[in-house]
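Okay, query_37.cif is below, mmCIF, C-alpha atoms:
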```
data_input
loop_
_atom_site.label_atom_id
_atom_site.label_comp_id
_atom_site.auth_asym_id
_atom_site.auth_seq_id
_atom_site.Cartn_x
_atom_site.Cartn_y
_atom_site.Cartn_z
CA MET K 1133 -29.92 54.31 0.94
CA THR K 1134 -27.64 56.84 -0.79
CA THR K 1135 -26.61 55.80 -4.28
CA PRO K 1136 -22.82 55.34 -4.28
CA SER K 1137 -20.64 57.56 -6.45
CA ILE K 1138 -19.62 55.68 -9.58
CA PRO K 1139 -16.50 56.78 -11.49
CA ASP K 1140 -16.30 57.08 -15.27
CA THR K 1141 -13.35 54.72 -15.68
CA MET K 1142 -11.84 51.69 -13.98
CA ARG K 1143 -8.83 49.38 -14.21
CA ALA K 1144 -9.41 45.98 -15.80
CA GLY K 1145 -7.36 42.87 -16.48
CA ARG K 1146 -7.68 42.15 -20.20
CA ILE K 1147 -6.76 39.29 -22.53
CA LEU K 1148 -6.18 40.82 -25.95
CA ALA K 1149 -5.34 37.57 -27.77
CA PRO K 1150 -3.89 34.21 -26.72
CA ARG K 1151 -0.95 34.83 -24.32
CA ARG K 1152 -1.34 38.63 -24.61
CA THR K 1153 -2.57 40.45 -21.51
CA GLU K 1154 -2.69 43.96 -20.13
CA VAL K 1155 -4.14 46.01 -17.28
CA ALA K 1156 -5.96 48.91 -18.92
CA THR K 1157 -8.13 51.86 -18.01
CA VAL K 1158 -11.57 51.27 -19.53
CA PRO K 1159 -14.99 52.94 -19.23
CA VAL K 1160 -17.31 51.85 -16.44
CA PRO K 1161 -20.28 50.15 -18.17
CA THR K 1162 -23.83 51.44 -17.86
CA PRO K 1163 -26.56 48.91 -17.05
CA GLY K 1164 -29.08 48.45 -19.83
CA PRO K 1165 -32.74 47.53 -19.44
CA GLY K 1166 -33.12 44.60 -17.06
CA GLU K 1167 -29.45 44.79 -15.97
CA VAL K 1168 -27.69 45.75 -12.76
CA LEU K 1169 -24.27 47.28 -12.23
CA ILE K 1170 -22.20 45.35 -9.69
CA GLU K 1171 -19.18 46.76 -7.88
CA VAL K 1172 -16.92 43.71 -7.70
CA ALA K 1173 -15.23 42.98 -4.36
CA ARG K 1174 -13.60 39.61 -5.15
CA ALA K 1175 -13.12 37.67 -8.38
CA GLY K 1176 -11.43 34.28 -8.71
CA ILE K 1177 -9.33 32.77 -11.49
CA CYS K 1178 -10.85 29.59 -12.94
CA GLY K 1179 -9.20 26.91 -15.04
CA THR K 1180 -11.40 28.15 -17.88
CA ASP K 1181 -9.61 31.52 -17.68
CA ILE K 1182 -6.31 29.72 -18.24
CA HIS K 1183 -7.75 27.91 -21.26
CA ILE K 1184 -8.87 31.32 -22.60
CA LEU K 1185 -5.37 32.68 -21.99
CA ASP K 1186 -3.90 29.75 -23.93
CA GLY K 1187 -6.35 30.25 -26.80
CA ASP K 1188 -7.97 26.82 -26.55
CA TYR K 1189 -11.47 27.78 -25.36
CA ALA K 1190 -13.74 28.06 -28.38
CA LEU K 1191 -16.40 30.29 -26.79
CA ALA K 1192 -13.93 33.10 -25.99
CA LYS K 1193 -14.12 36.36 -27.94
CA PHE K 1194 -11.03 38.60 -27.94
CA PRO K 1195 -10.21 41.19 -26.74
CA MET K 1196 -12.05 40.70 -23.50
CA THR K 1197 -12.11 41.10 -19.73
CA PRO K 1198 -12.36 37.58 -18.24
CA GLY K 1199 -13.66 36.62 -14.81
CA HIS K 1200 -16.85 34.74 -14.02
CA GLU K 1201 -16.39 33.75 -10.35
CA PHE K 1202 -17.20 36.90 -8.39
CA ALA K 1203 -19.11 38.60 -5.62
CA GLY K 1204 -19.88 42.23 -4.98
CA THR K 1205 -22.56 44.83 -4.37
CA VAL K 1206 -25.32 46.17 -6.61
CA VAL K 1207 -24.64 49.89 -7.13
CA ALA K 1208 -26.98 50.85 -10.00
CA LEU K 1209 -30.13 49.52 -11.66
CA GLY K 1210 -31.13 49.54 -15.29
CA GLU K 1211 -34.64 50.30 -16.44
CA GLY K 1212 -37.19 47.66 -15.50
CA VAL K 1213 -35.18 45.95 -12.72
CA ARG K 1214 -37.74 44.75 -10.17
CA LEU K 1215 -36.24 42.49 -7.51
CA ARG K 1216 -32.66 43.63 -6.91
CA HIS K 1217 -31.78 46.79 -5.01
CA VAL K 1218 -28.81 49.09 -4.55
CA GLY K 1219 -26.59 47.91 -1.69
CA GLU K 1220 -27.48 44.22 -2.07
CA ARG K 1221 -24.58 41.75 -1.75
CA VAL K 1222 -24.70 39.33 -4.67
CA THR K 1223 -23.07 36.85 -6.97
CA ALA K 1224 -24.46 35.54 -10.27
CA ASP K 1225 -24.81 32.63 -12.65
CA PRO K 1226 -22.40 33.82 -15.36
CA ASN K 1227 -23.96 31.80 -18.18
CA LEU K 1228 -26.64 33.75 -20.04
CA PRO K 1229 -28.98 31.42 -21.98
CA CYS K 1230 -31.38 32.59 -24.66
CA GLY K 1231 -34.36 30.85 -23.01
CA LEU K 1232 -35.88 30.06 -26.42
CA CYS K 1233 -33.84 27.30 -28.08
CA PRO K 1234 -34.76 23.60 -27.81
CA GLU K 1235 -32.17 22.95 -25.08
CA CYS K 1236 -33.38 25.87 -22.96
CA GLN K 1237 -36.97 24.75 -23.39
CA ARG K 1238 -36.18 21.29 -22.01
CA GLY K 1239 -34.32 22.67 -19.00
CA MET K 1240 -30.75 22.20 -20.27
CA VAL K 1241 -29.97 25.92 -20.21
CA ASN K 1242 -26.23 25.25 -19.81
CA GLN K 1243 -26.38 23.69 -23.31
CA CYS K 1244 -28.14 26.72 -24.85
CA HIS K 1245 -27.49 27.06 -28.58
CA ASP K 1246 -26.78 30.78 -28.10
CA LEU K 1247 -25.15 30.71 -24.67
CA VAL K 1248 -23.30 33.93 -23.75
CA PRO K 1249 -20.90 33.29 -20.84
CA VAL K 1250 -19.88 36.35 -18.83
CA GLY K 1251 -16.10 36.69 -18.79
CA VAL K 1252 -15.87 34.59 -21.94
CA ALA K 1253 -18.10 36.04 -24.66
CA ARG K 1254 -18.79 39.34 -22.87
CA ASP K 1255 -16.71 41.32 -20.40
CA GLY K 1256 -16.47 39.84 -16.94
CA ALA K 1257 -15.38 40.47 -13.38
CA PHE K 1258 -11.65 41.15 -13.56
CA ALA K 1259 -12.59 44.81 -13.31
CA ARG K 1260 -14.08 47.00 -10.59
CA TYR K 1261 -17.54 47.03 -12.20
CA LEU K 1262 -19.57 44.81 -14.49
CA THR K 1263 -23.12 44.73 -15.80
CA ILE K 1264 -25.21 41.58 -15.79
CA PRO K 1265 -28.90 40.76 -16.29
CA GLU K 1266 -30.98 40.84 -13.13
CA ARG K 1267 -32.40 37.40 -13.97
CA VAL K 1268 -29.10 35.65 -13.15
CA VAL K 1269 -28.16 37.64 -10.04
CA VAL K 1270 -28.33 35.72 -6.72
CA PRO K 1271 -28.13 37.33 -3.25
CA ILE K 1272 -25.44 36.03 -0.88
CA GLY K 1273 -26.66 37.70 2.33
CA ASP K 1274 -23.82 38.23 4.78
CA LEU K 1275 -21.40 35.74 3.22
CA PRO K 1276 -17.89 37.22 3.01
CA PHE K 1277 -17.13 38.30 -0.55
CA ALA K 1278 -14.20 35.87 -0.75
CA GLU K 1279 -16.66 33.04 -0.13
CA GLY K 1280 -19.28 34.52 -2.43
CA ALA K 1281 -16.74 34.40 -5.25
CA LEU K 1282 -16.57 30.62 -4.78
CA VAL K 1283 -20.30 30.08 -5.20
CA GLU K 1284 -20.09 29.59 -8.97
CA PRO K 1285 -17.44 26.84 -8.78
CA LEU K 1286 -19.51 25.03 -6.18
CA ALA K 1287 -22.61 25.45 -8.36
CA CYS K 1288 -20.76 23.51 -11.09
CA VAL K 1289 -20.27 20.69 -8.58
CA VAL K 1290 -23.93 20.83 -7.54
CA TRP K 1291 -25.05 20.46 -11.17
CA GLY K 1292 -22.83 17.41 -11.51
CA LEU K 1293 -24.25 15.89 -8.35
CA GLU K 1294 -27.72 16.14 -9.88
CA ARG K 1295 -26.51 14.18 -12.89
CA ILE K 1296 -24.54 11.41 -11.19
CA ARG K 1297 -26.83 10.71 -8.21
CA VAL K 1298 -24.64 9.83 -5.24
CA HIS K 1299 -26.09 7.00 -3.16
CA ALA K 1300 -25.84 6.82 0.62
CA GLY K 1301 -22.83 4.73 1.59
CA ASP K 1302 -20.94 5.17 -1.71
CA ILE K 1303 -17.16 5.14 -1.63
CA ALA K 1304 -15.78 7.84 -3.94
CA LEU K 1305 -12.43 8.77 -5.43
CA VAL K 1306 -11.50 12.28 -6.54
CA LEU K 1307 -8.52 12.62 -8.87
CA GLY K 1308 -7.08 16.09 -8.27
CA ALA K 1309 -7.02 18.03 -4.98
CA GLY K 1310 -7.08 21.54 -6.37
CA PRO K 1311 -9.87 23.98 -5.50
CA MET K 1312 -12.43 22.00 -7.49
CA GLY K 1313 -11.25 18.67 -6.10
CA CYS K 1314 -11.64 19.97 -2.56
CA LEU K 1315 -15.14 21.28 -3.35
CA LEU K 1316 -16.03 17.91 -4.86
CA LEU K 1317 -14.68 16.09 -1.81
CA GLN K 1318 -16.86 18.07 0.59
CA ALA K 1319 -19.98 18.06 -1.59
CA LEU K 1320 -19.78 14.31 -2.09
CA LYS K 1321 -19.68 13.71 1.65
CA ALA K 1322 -22.53 16.18 2.17
CA SER K 1323 -24.53 14.23 -0.43
CA GLY K 1324 -24.17 10.85 1.28
CA ALA K 1325 -20.81 9.38 0.28
CA ALA K 1326 -19.55 7.38 3.25
CA ARG K 1327 -15.85 7.73 2.46
CA VAL K 1328 -13.88 9.78 -0.05
CA ALA K 1329 -10.29 9.31 -1.18
CA ILE K 1330 -8.38 11.96 -3.10
CA VAL K 1331 -5.19 11.86 -5.20
CA ASP K 1332 -2.83 14.70 -6.12
CA VAL K 1333 0.85 15.27 -6.80
CA ALA K 1334 1.14 18.22 -4.36
CA PRO K 1335 1.60 17.30 -0.67
CA ALA K 1336 0.31 20.73 0.46
CA ARG K 1337 -2.96 20.18 -1.39
CA LEU K 1338 -3.33 16.72 0.08
CA GLU K 1339 -2.84 18.12 3.58
CA LEU K 1340 -5.59 20.67 2.97
CA ALA K 1341 -7.87 17.92 1.62
CA ARG K 1342 -7.33 15.92 4.81
CA SER K 1343 -8.33 18.96 6.88
CA LEU K 1344 -11.52 19.24 4.82
CA GLY K 1345 -12.57 15.65 5.46
CA ALA K 1346 -10.72 13.38 3.02
CA ASP K 1347 -10.59 9.87 4.45
CA LEU K 1348 -7.50 9.07 2.38
CA ALA K 1349 -5.23 11.56 0.59
CA VAL K 1350 -2.32 10.11 -1.41
CA THR K 1351 0.01 10.85 -4.30
CA PRO K 1352 -0.03 8.82 -7.54
CA ASP K 1353 2.97 6.92 -6.14
CA ASP K 1354 0.77 5.46 -3.38
CA LEU K 1355 -2.06 3.99 -5.44
CA GLU K 1356 -1.72 0.65 -3.67
CA GLN K 1357 -3.39 2.38 -0.71
CA LEU K 1358 -6.46 2.95 -2.90
CA ARG K 1359 -6.82 -0.79 -3.43
CA THR K 1360 -6.66 -1.34 0.32
CA PHE K 1361 -9.12 1.50 0.93
CA ALA K 1362 -11.64 0.20 -1.63
CA PRO K 1363 -10.73 -3.39 -2.55
CA LEU K 1364 -13.82 -3.81 -4.75
CA GLY K 1365 -13.31 -0.46 -6.46
CA PHE K 1366 -15.12 2.86 -6.13
CA GLU K 1367 -18.79 3.47 -6.83
CA LEU K 1368 -17.80 6.91 -8.09
CA VAL K 1369 -14.54 8.14 -9.61
CA VAL K 1370 -14.26 11.86 -10.39
CA GLU K 1371 -11.66 13.14 -12.85
CA ALA K 1372 -11.00 16.73 -11.71
CA THR K 1373 -7.71 17.56 -13.43
CA GLY K 1374 -8.58 17.92 -17.11
CA ILE K 1375 -5.61 15.70 -17.99
CA PRO K 1376 -6.59 13.02 -20.54
CA SER K 1377 -4.21 10.40 -19.15
CA VAL K 1378 -5.80 10.78 -15.72
CA LEU K 1379 -9.20 10.04 -17.24
CA GLU K 1380 -7.77 6.95 -18.93
CA GLY K 1381 -6.62 5.61 -15.56
CA ALA K 1382 -9.82 6.60 -13.76
CA ILE K 1383 -11.81 3.76 -15.31
CA ASP K 1384 -9.52 1.18 -13.73
CA HIS K 1385 -10.58 2.36 -10.25
CA ALA K 1386 -14.33 2.09 -10.82
CA ARG K 1387 -16.31 -0.73 -9.26
CA PRO K 1388 -18.59 -2.72 -11.61
CA GLY K 1389 -21.76 -0.71 -12.03
CA GLY K 1390 -19.92 2.42 -10.94
CA THR K 1391 -19.69 5.87 -12.48
CA VAL K 1392 -16.74 7.79 -13.91
CA TRP K 1393 -17.50 11.51 -13.78
CA VAL K 1394 -15.59 13.72 -16.22
CA PHE K 1395 -15.45 17.05 -14.38
CA GLY K 1396 -12.04 18.52 -15.25
CA VAL K 1397 -11.75 20.83 -18.27
CA ALA K 1398 -9.40 19.46 -20.91
CA PRO K 1399 -8.27 21.39 -24.01
CA GLY K 1400 -10.87 21.23 -26.76
CA ASP K 1401 -8.71 19.11 -29.05
CA ALA K 1402 -7.48 16.68 -26.37
CA MET K 1403 -8.23 12.98 -26.75
CA ALA K 1404 -8.29 10.10 -24.26
CA LYS K 1405 -8.19 6.34 -24.91
CA VAL K 1406 -11.09 4.54 -23.28
CA SER K 1407 -11.84 0.83 -23.57
CA PRO K 1408 -15.40 0.35 -24.88
CA TYR K 1409 -15.16 -3.26 -23.77
CA GLN K 1410 -14.50 -2.25 -20.15
CA LEU K 1411 -17.49 0.11 -20.17
CA PHE K 1412 -19.60 -2.70 -21.59
CA ARG K 1413 -18.28 -5.63 -19.55
CA ARG K 1414 -18.32 -3.85 -16.17
CA ASP K 1415 -21.62 -1.98 -16.58
CA LEU K 1416 -19.85 1.38 -16.14
CA ASN K 1417 -21.35 4.82 -16.53
CA LEU K 1418 -19.25 7.57 -18.14
CA ILE K 1419 -20.80 10.99 -17.45
CA GLY K 1420 -19.61 14.50 -18.20
CA THR K 1421 -21.02 17.69 -16.68
CA PHE K 1422 -20.61 21.24 -17.95
CA ALA K 1423 -20.85 24.48 -15.99
CA VAL K 1424 -23.96 25.21 -13.92
CA ASN K 1425 -27.65 24.67 -14.54
CA GLN K 1426 -29.76 26.82 -12.24
CA THR K 1427 -27.74 25.57 -9.26
CA VAL K 1428 -26.25 28.83 -7.94
CA PRO K 1429 -28.88 29.34 -5.19
CA ARG K 1430 -28.26 25.81 -3.89
CA ALA K 1431 -24.52 26.45 -3.80
CA VAL K 1432 -25.12 29.59 -1.75
CA ALA K 1433 -27.25 27.55 0.66
CA MET K 1434 -24.54 24.88 1.05
CA ILE K 1435 -21.93 27.46 1.99
CA GLN K 1436 -24.28 29.33 4.31
CA GLY K 1437 -25.26 26.05 5.98
CA GLY K 1438 -21.64 25.04 6.55
CA SER K 1439 -21.73 21.72 4.68
CA VAL K 1440 -19.01 23.00 2.33
CA LYS K 1441 -16.17 25.20 3.60
CA VAL K 1442 -14.72 27.45 0.93
CA ALA K 1443 -12.65 30.04 2.84
CA PRO K 1444 -9.66 27.65 3.27
CA LEU K 1445 -9.46 27.25 -0.52
CA VAL K 1446 -8.28 30.84 -1.13
CA SER K 1447 -4.47 30.74 -1.19
CA HIS K 1448 -3.61 34.03 -2.93
CA VAL K 1449 -5.29 37.45 -2.99
CA LEU K 1450 -3.89 40.05 -5.39
CA ASP K 1451 -4.69 43.50 -6.71
CA ILE K 1452 -5.86 43.69 -10.31
CA GLU K 1453 -2.64 45.56 -11.16
CA ASP K 1454 -0.99 42.17 -10.59
CA PHE K 1455 -3.20 40.52 -13.22
CA GLY K 1456 -0.32 38.82 -15.02
CA GLU K 1457 1.15 37.48 -11.79
CA GLY K 1458 -2.23 36.10 -10.75
CA LEU K 1459 -2.54 34.21 -14.03
CA ARG K 1460 1.02 32.92 -13.63
CA LEU K 1461 0.29 31.62 -10.14
CA ALA K 1462 -2.95 29.99 -11.24
CA GLN K 1463 -1.24 28.22 -14.12
CA HIS K 1464 2.16 27.27 -12.76
CA ASP K 1465 2.31 27.22 -8.94
CA PRO K 1466 1.84 23.55 -7.95
CA ASP K 1467 0.73 24.40 -4.41
CA ARG K 1468 -1.66 27.25 -5.15
CA MET K 1469 -5.35 26.83 -4.58
CA LYS K 1470 -7.84 29.55 -5.52
CA VAL K 1471 -6.27 32.81 -6.69
CA GLN K 1472 -8.55 35.82 -6.26
CA PHE K 1473 -8.36 39.49 -7.17
CA SER K 1474 -9.54 41.90 -4.50
CA PHE K 1475 -11.05 45.26 -5.36
CA GLY K 1476 -11.52 46.21 -1.70
CA GLU K 1477 -14.79 46.77 0.05
CA PRO K 1478 -17.34 48.50 -2.21
CA GLY K 1479 -17.13 52.24 -1.87
CA ALA K 1480 -13.51 52.10 -0.72
#
```

Represent the structure of the file as structure tokens.
Amino acid sequence: MTTPSIPDTMRAGRILAPRRTEVATVPVPTPGPGEVLIEVARAGICGTDIHILDGDYALAKFPMTPGHEFAGTVVALGEGVRLRHVGERVTADPNLPCGLCPECQRGMVNQCHDLVPVGVARDGAFARYLTIPERVVVPIGDLPFAEGALVEPLACVVWGLERIRVHAGDIALVLGAGPMGCLLLQALKASGAARVAIVDVAPARLELARSLGADLAVTPDDLEQLRTFAPLGFELVVEATGIPSVLEGAIDHARPGGTVWVFGVAPGDAMAKVSPYQLFRRDLNLIGTFAVNQTVPRAVAMIQGGSVKVAPLVSHVLDIEDFGEGLRLAQHDPDRMKVQFSFGEPGA
């Protein structure tokens, strides 16, 4: 295969400091030993990117190019790369653990003491090219790039599923029908949940959730329907909004012995009031899950196998020159789902 021509510079969406952004011309990076250079085709905006924009994500280092949900093509190899090849269609686990600390050694690599997240602590995918270690790169085969850029969000869900252990026949409730809520809905059903209800304030999101398999999709004004749907409560309640008050109400919907899963990303200084007595008296589990933990390949397999449909979740596709507008949509449009930046087909 002919090695593609790689330019010296590229356009990148940058966050210079909280609430300060630009689209700048920057050098194309060169892959170091053990790294590959990826030509990005699609990159999605995550809620974490909005927290970085607002200055309330402690791991972020400014100035920086965000973007950690992406898919593209390998176009160059650093010294010592063994398994990846030029022309391969890939995504990646964006969290780079040290592999040496106590948490890494016990398999909790997402809790690494020296974790370096791509698009947070080093430049990410809101640019035409990025470098990343070969060890975290995962092939996507013939998946469309738009779907490949949703592998990482689904991998976050898959890690949570490993922690909470869905049981066959469970009745689940998802609070929030955004992109993550709709991934959670589908993954829960694929994992054995018999019925799943979902709540959101946006009717358009609820309609999409119904099309993706929600057995009940209601607004917060219709919570009486939840009591009819699950009169004994829900074995699993997932908070997928990051809003502390939503978490506070989530516990009321859990069945005795049930689990409340904290999935949504709240600001670092946010607080929620939780009744210790209710946790104690009703034998409840309160579990949080962070990022991914070696679950990217399984997320690829779920999309390839059709158990989770991700293409319908992409509501907006913009050019990187519209970086500011993309961030605005992701933060303020109540009906938007996943906002992605397109860099065209590699080589275009």

* To do: Tell me, as a list in words, which residues lie within 8 Å of K:Ala1259, counting all atoms listed in the file; anything in the same chain fewer than 2 positions away does not count.
  =>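 Returned residues: Met1142, Arg1143, Ala1144, Gly1145, Val1172, Thr1197, Gly1256, Ala1257, Tyr1261, Leu1262 and Ile1452 of chain K.
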
Could you dump the residues just selected with C-alpha atoms as a compact mmCIF listing (two decimals), in the frame of the given file?
```
# COMPACT_ATOMS: atom_id res chain seq x y z
CA MET K 1142 -11.84 51.69 -13.98
CA ARG K 1143 -8.83 49.38 -14.21
CA ALA K 1144 -9.41 45.98 -15.80
CA GLY K 1145 -7.36 42.87 -16.48
CA VAL K 1172 -16.92 43.71 -7.70
CA THR K 1197 -12.11 41.10 -19.73
CA GLY K 1256 -16.47 39.84 -16.94
CA ALA K 1257 -15.38 40.47 -13.38
CA TYR K 1261 -17.54 47.03 -12.20
CA LEU K 1262 -19.57 44.81 -14.49
CA ILE K 1452 -5.86 43.69 -10.31
```

Per residue of stretch 1334-1449 of chain K within 12 Å of stretch 1308-1328 of chain K, which atom pair is closest and at what distance in Å (one decimal), using only C-alpha atoms, listed by chain and increasing number, as JSON lines?
```
{"residue": "K:Ala1334", "atom": "CA", "partner": "K:Ala1309", "partner_atom": "CA", "distance": 8.2}
{"residue": "K:Pro1335", "atom": "CA", "partner": "K:Ala1309", "partner_atom": "CA", "distance": 9.7}
{"residue": "K:Ala1336", "atom": "CA", "partner": "K:Ala1309", "partner_atom": "CA", "distance": 9.5}
{"residue": "K:Arg1337", "atom": "CA", "partner": "K:Ala1309", "partner_atom": "CA", "distance": 5.8}
{"residue": "K:Leu1338", "atom": "CA", "partner": "K:Ala1309", "partner_atom": "CA", "distance": 6.4}
{"residue": "K:Glu1339", "atom": "CA", "partner": "K:Ala1309", "partner_atom": "CA", "distance": 9.5}
{"residue": "K:Leu1340", "atom": "CA", "partner": "K:Cys1314", "partner_atom": "CA", "distance": 8.2}
{"residue": "K:Ala1341", "atom": "CA", "partner": "K:Cys1314", "partner_atom": "CA", "distance": 6.0}
{"residue": "K:Arg1342", "atom": "CA", "partner": "K:Cys1314", "partner_atom": "CA", "distance": 9.4}
{"residue": "K:Ser1343", "atom": "CA", "partner": "K:Cys1314", "partner_atom": "CA", "distance": 10.1}
{"residue": "K:Leu1344", "atom": "CA", "partner": "K:Gln1318", "partner_atom": "CA", "distance": 6.9}
{"residue": "K:Gly1345", "atom": "CA", "partner": "K:Gln1318", "partner_atom": "CA", "distance": 6.9}
{"residue": "K:Ala1346", "atom": "CA", "partner": "K:Val1328", "partner_atom": "CA", "distance": 5.7}
{"residue": "K:Asp1347", "atom": "CA", "partner": "K:Val1328", "partner_atom": "CA", "distance": 5.6}
{"residue": "K:Leu1348", "atom": "CA", "partner": "K:Val1328", "partner_atom": "CA", "distance": 6.9}
{"residue": "K:Ala1349", "atom": "CA", "partner": "K:Ala1309", "partner_atom": "CA", "distance": 8.7}
{"residue": "K:Val1350", "atom": "CA", "partner": "K:Ala1309", "partner_atom": "CA", "distance": 9.9}
{"residue": "K:Thr1351", "atom": "CA", "partner": "K:Gly1308", "partner_atom": "CA", "distance": 9.7}
{"residue": "K:Pro1352", "atom": "CA", "partner": "K:Gly1308", "partner_atom": "CA", "distance": 10.2}
{"residue": "K:Leu1358", "atom": "CA", "partner": "K:Val1328", "partner_atom": "CA", "distance": 10.5}
{"residue": "K:Phe1361", "atom": "CA", "partner": "K:Arg1327", "partner_atom": "CA", "distance": 9.3}
{"residue": "K:Ala1362", "atom": "CA", "partner": "K:Arg1327", "partner_atom": "CA", "distance": 9.5}
{"residue": "K:Phe1366", "atom": "CA", "partner": "K:Val1328", "partner_atom": "CA", "distance": 9.3}
{"residue": "K:Glu1367", "atom": "CA", "partner": "K:Ala1325", "partner_atom": "CA", "distance": 9.5}
{"residue": "K:Leu1368", "atom": "CA", "partner": "K:Ala1325", "partner_atom": "CA", "distance": 9.2}
{"residue": "K:Val1369", "atom": "CA", "partner": "K:Val1328", "partner_atom": "CA", "distance": 9.7}
{"residue": "K:Val1370", "atom": "CA", "partner": "K:Leu1316", "partner_atom": "CA", "distance": 8.4}
{"residue": "K:Glu1371", "atom": "CA", "partner": "K:Gly1308", "partner_atom": "CA", "distance": 7.1}
{"residue": "K:Ala1372", "atom": "CA", "partner": "K:Gly1308", "partner_atom": "CA", "distance": 5.3}
{"residue": "K:Thr1373", "atom": "CA", "partner": "K:Gly1308", "partner_atom": "CA", "distance": 5.4}
{"residue": "K:Gly1374", "atom": "CA", "partner": "K:Gly1308", "partner_atom": "CA", "distance": 9.2}
{"residue": "K:Ile1375", "atom": "CA", "partner": "K:Gly1308", "partner_atom": "CA", "distance": 9.8}
{"residue": "K:Val1378", "atom": "CA", "partner": "K:Gly1308", "partner_atom": "CA", "distance": 9.2}
{"residue": "K:Leu1379", "atom": "CA", "partner": "K:Gly1308", "partner_atom": "CA", "distance": 11.0}
{"residue": "K:Ala1382", "atom": "CA", "partner": "K:Gly1308", "partner_atom": "CA", "distance": 11.3}
{"residue": "K:Trp1393", "atom": "CA", "partner": "K:Leu1316", "partner_atom": "CA", "distance": 11.1}
{"residue": "K:Val1394", "atom": "CA", "partner": "K:Gly1308", "partner_atom": "CA", "distance": 11.9}
{"residue": "K:Phe1395", "atom": "CA", "partner": "K:Met1312", "partner_atom": "CA", "distance": 9.0}
{"residue": "K:Gly1396", "atom": "CA", "partner": "K:Met1312", "partner_atom": "CA", "distance": 8.5}
{"residue": "K:Val1397", "atom": "CA", "partner": "K:Met1312", "partner_atom": "CA", "distance": 10.9}
{"residue": "K:Arg1430", "atom": "CA", "partner": "K:Ala1319", "partner_atom": "CA", "distance": 11.6}
{"residue": "K:Ala1431", "atom": "CA", "partner": "K:Ala1319", "partner_atom": "CA", "distance": 9.8}
{"residue": "K:Met1434", "atom": "CA", "partner": "K:Ala1319", "partner_atom": "CA", "distance": 8.6}
{"residue": "K:Ile1435", "atom": "CA", "partner": "K:Ala1319", "partner_atom": "CA", "distance": 10.2}
{"residue": "K:Gly1437", "atom": "CA", "partner": "K:Ala1322", "partner_atom": "CA", "distance": 10.9}
{"residue": "K:Gly1438", "atom": "CA", "partner": "K:Ala1322", "partner_atom": "CA", "distance": 9.9}
{"residue": "K:Ser1439", "atom": "CA", "partner": "K:Ala1322", "partner_atom": "CA", "distance": 6.1}
{"residue": "K:Val1440", "atom": "CA", "partner": "K:Gln1318", "partner_atom": "CA", "distance": 5.7}
{"residue": "K:Lys1441", "atom": "CA", "partner": "K:Gln1318", "partner_atom": "CA", "distance": 7.8}
{"residue": "K:Val1442", "atom": "CA", "partner": "K:Leu1315", "partner_atom": "CA", "distance": 7.5}
{"residue": "K:Ala1443", "atom": "CA", "partner": "K:Pro1311", "partner_atom": "CA", "distance": 10.7}
{"residue": "K:Pro1444", "atom": "CA", "partner": "K:Pro1311", "partner_atom": "CA", "distance": 9.5}
{"residue": "K:Leu1445", "atom": "CA", "partner": "K:Pro1311", "partner_atom": "CA", "distance": 6.0}
{"residue": "K:Val1446", "atom": "CA", "partner": "K:Pro1311", "partner_atom": "CA", "distance": 8.3}
{"residue": "K:Ser1447", "atom": "CA", "partner": "K:Pro1311", "partner_atom": "CA", "distance": 9.7}
```

### Task
Counting all atoms listed in the file, note down every residue that has an atom within 10 Å of the point (-22.1, 44.3, -9.5) (file coordinates), as number ranges by chain.
K: 1163, 1167-1173, 1202-1209, 1218-1224, 1257, 1260-1264, 1269, 1478

Point (-11.2, 31.3, -13.9) neighbourhood (8 Å, only C-alpha atoms) written as a short mmCIF file (atom, residue, chain, number, x, y, z; two decimals) with C-alpha atoms, in the coordinates of the input:
```cif
data_model
loop_
_atom_site.label_atom_id
_atom_site.label_comp_id
_atom_site.auth_asym_id
_atom_site.auth_seq_id
_atom_site.Cartn_x
_atom_site.Cartn_y
_atom_site.Cartn_z
CA GLY K 1176 -11.43 34.28 -8.71
CA ILE K 1177 -9.33 32.77 -11.49
CA CYS K 1178 -10.85 29.59 -12.94
CA GLY K 1179 -9.20 26.91 -15.04
CA THR K 1180 -11.40 28.15 -17.88
CA ASP K 1181 -9.61 31.52 -17.68
CA ILE K 1182 -6.31 29.72 -18.24
CA PRO K 1198 -12.36 37.58 -18.24
CA GLY K 1199 -13.66 36.62 -14.81
CA HIS K 1200 -16.85 34.74 -14.02
CA GLU K 1201 -16.39 33.75 -10.35
#
```

Subject >> Nearest-residue call for K:Phe1475, choices K:Asp1302, K:Asp1454, K:Glu1294, K:Glu1235, using only C-alpha atoms >> reply: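 Among the listed residues, the smallest separation from K:Phe1475 belongs to K:Asp1454.
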
Give me, as a ChimeraX atom specification, all polymer residues having an atom no more than 7 Å from K:Val1250, counting only C-alpha atoms and skipping those fewer than 3 positions away in the same chain. /K:1200,1226-1227,1253-1256

In Å and to one decimal, atom CA of K:Arg1151 is distant from atom CA of K:His1245 by 28.0 Å

Take every atom of stretch 1210-1217 of chain K listed in the file, fit an axis-aligned box around them, add 4 Å per side, and give the centre and edge lengths in Å to one decimal as lines of an AutoDock Vina configuration file.
```
center_x = -34.4
center_y = 46.4
center_z = -10.7
size_x = 14.6
size_y = 15.8
size_z = 19.4
```
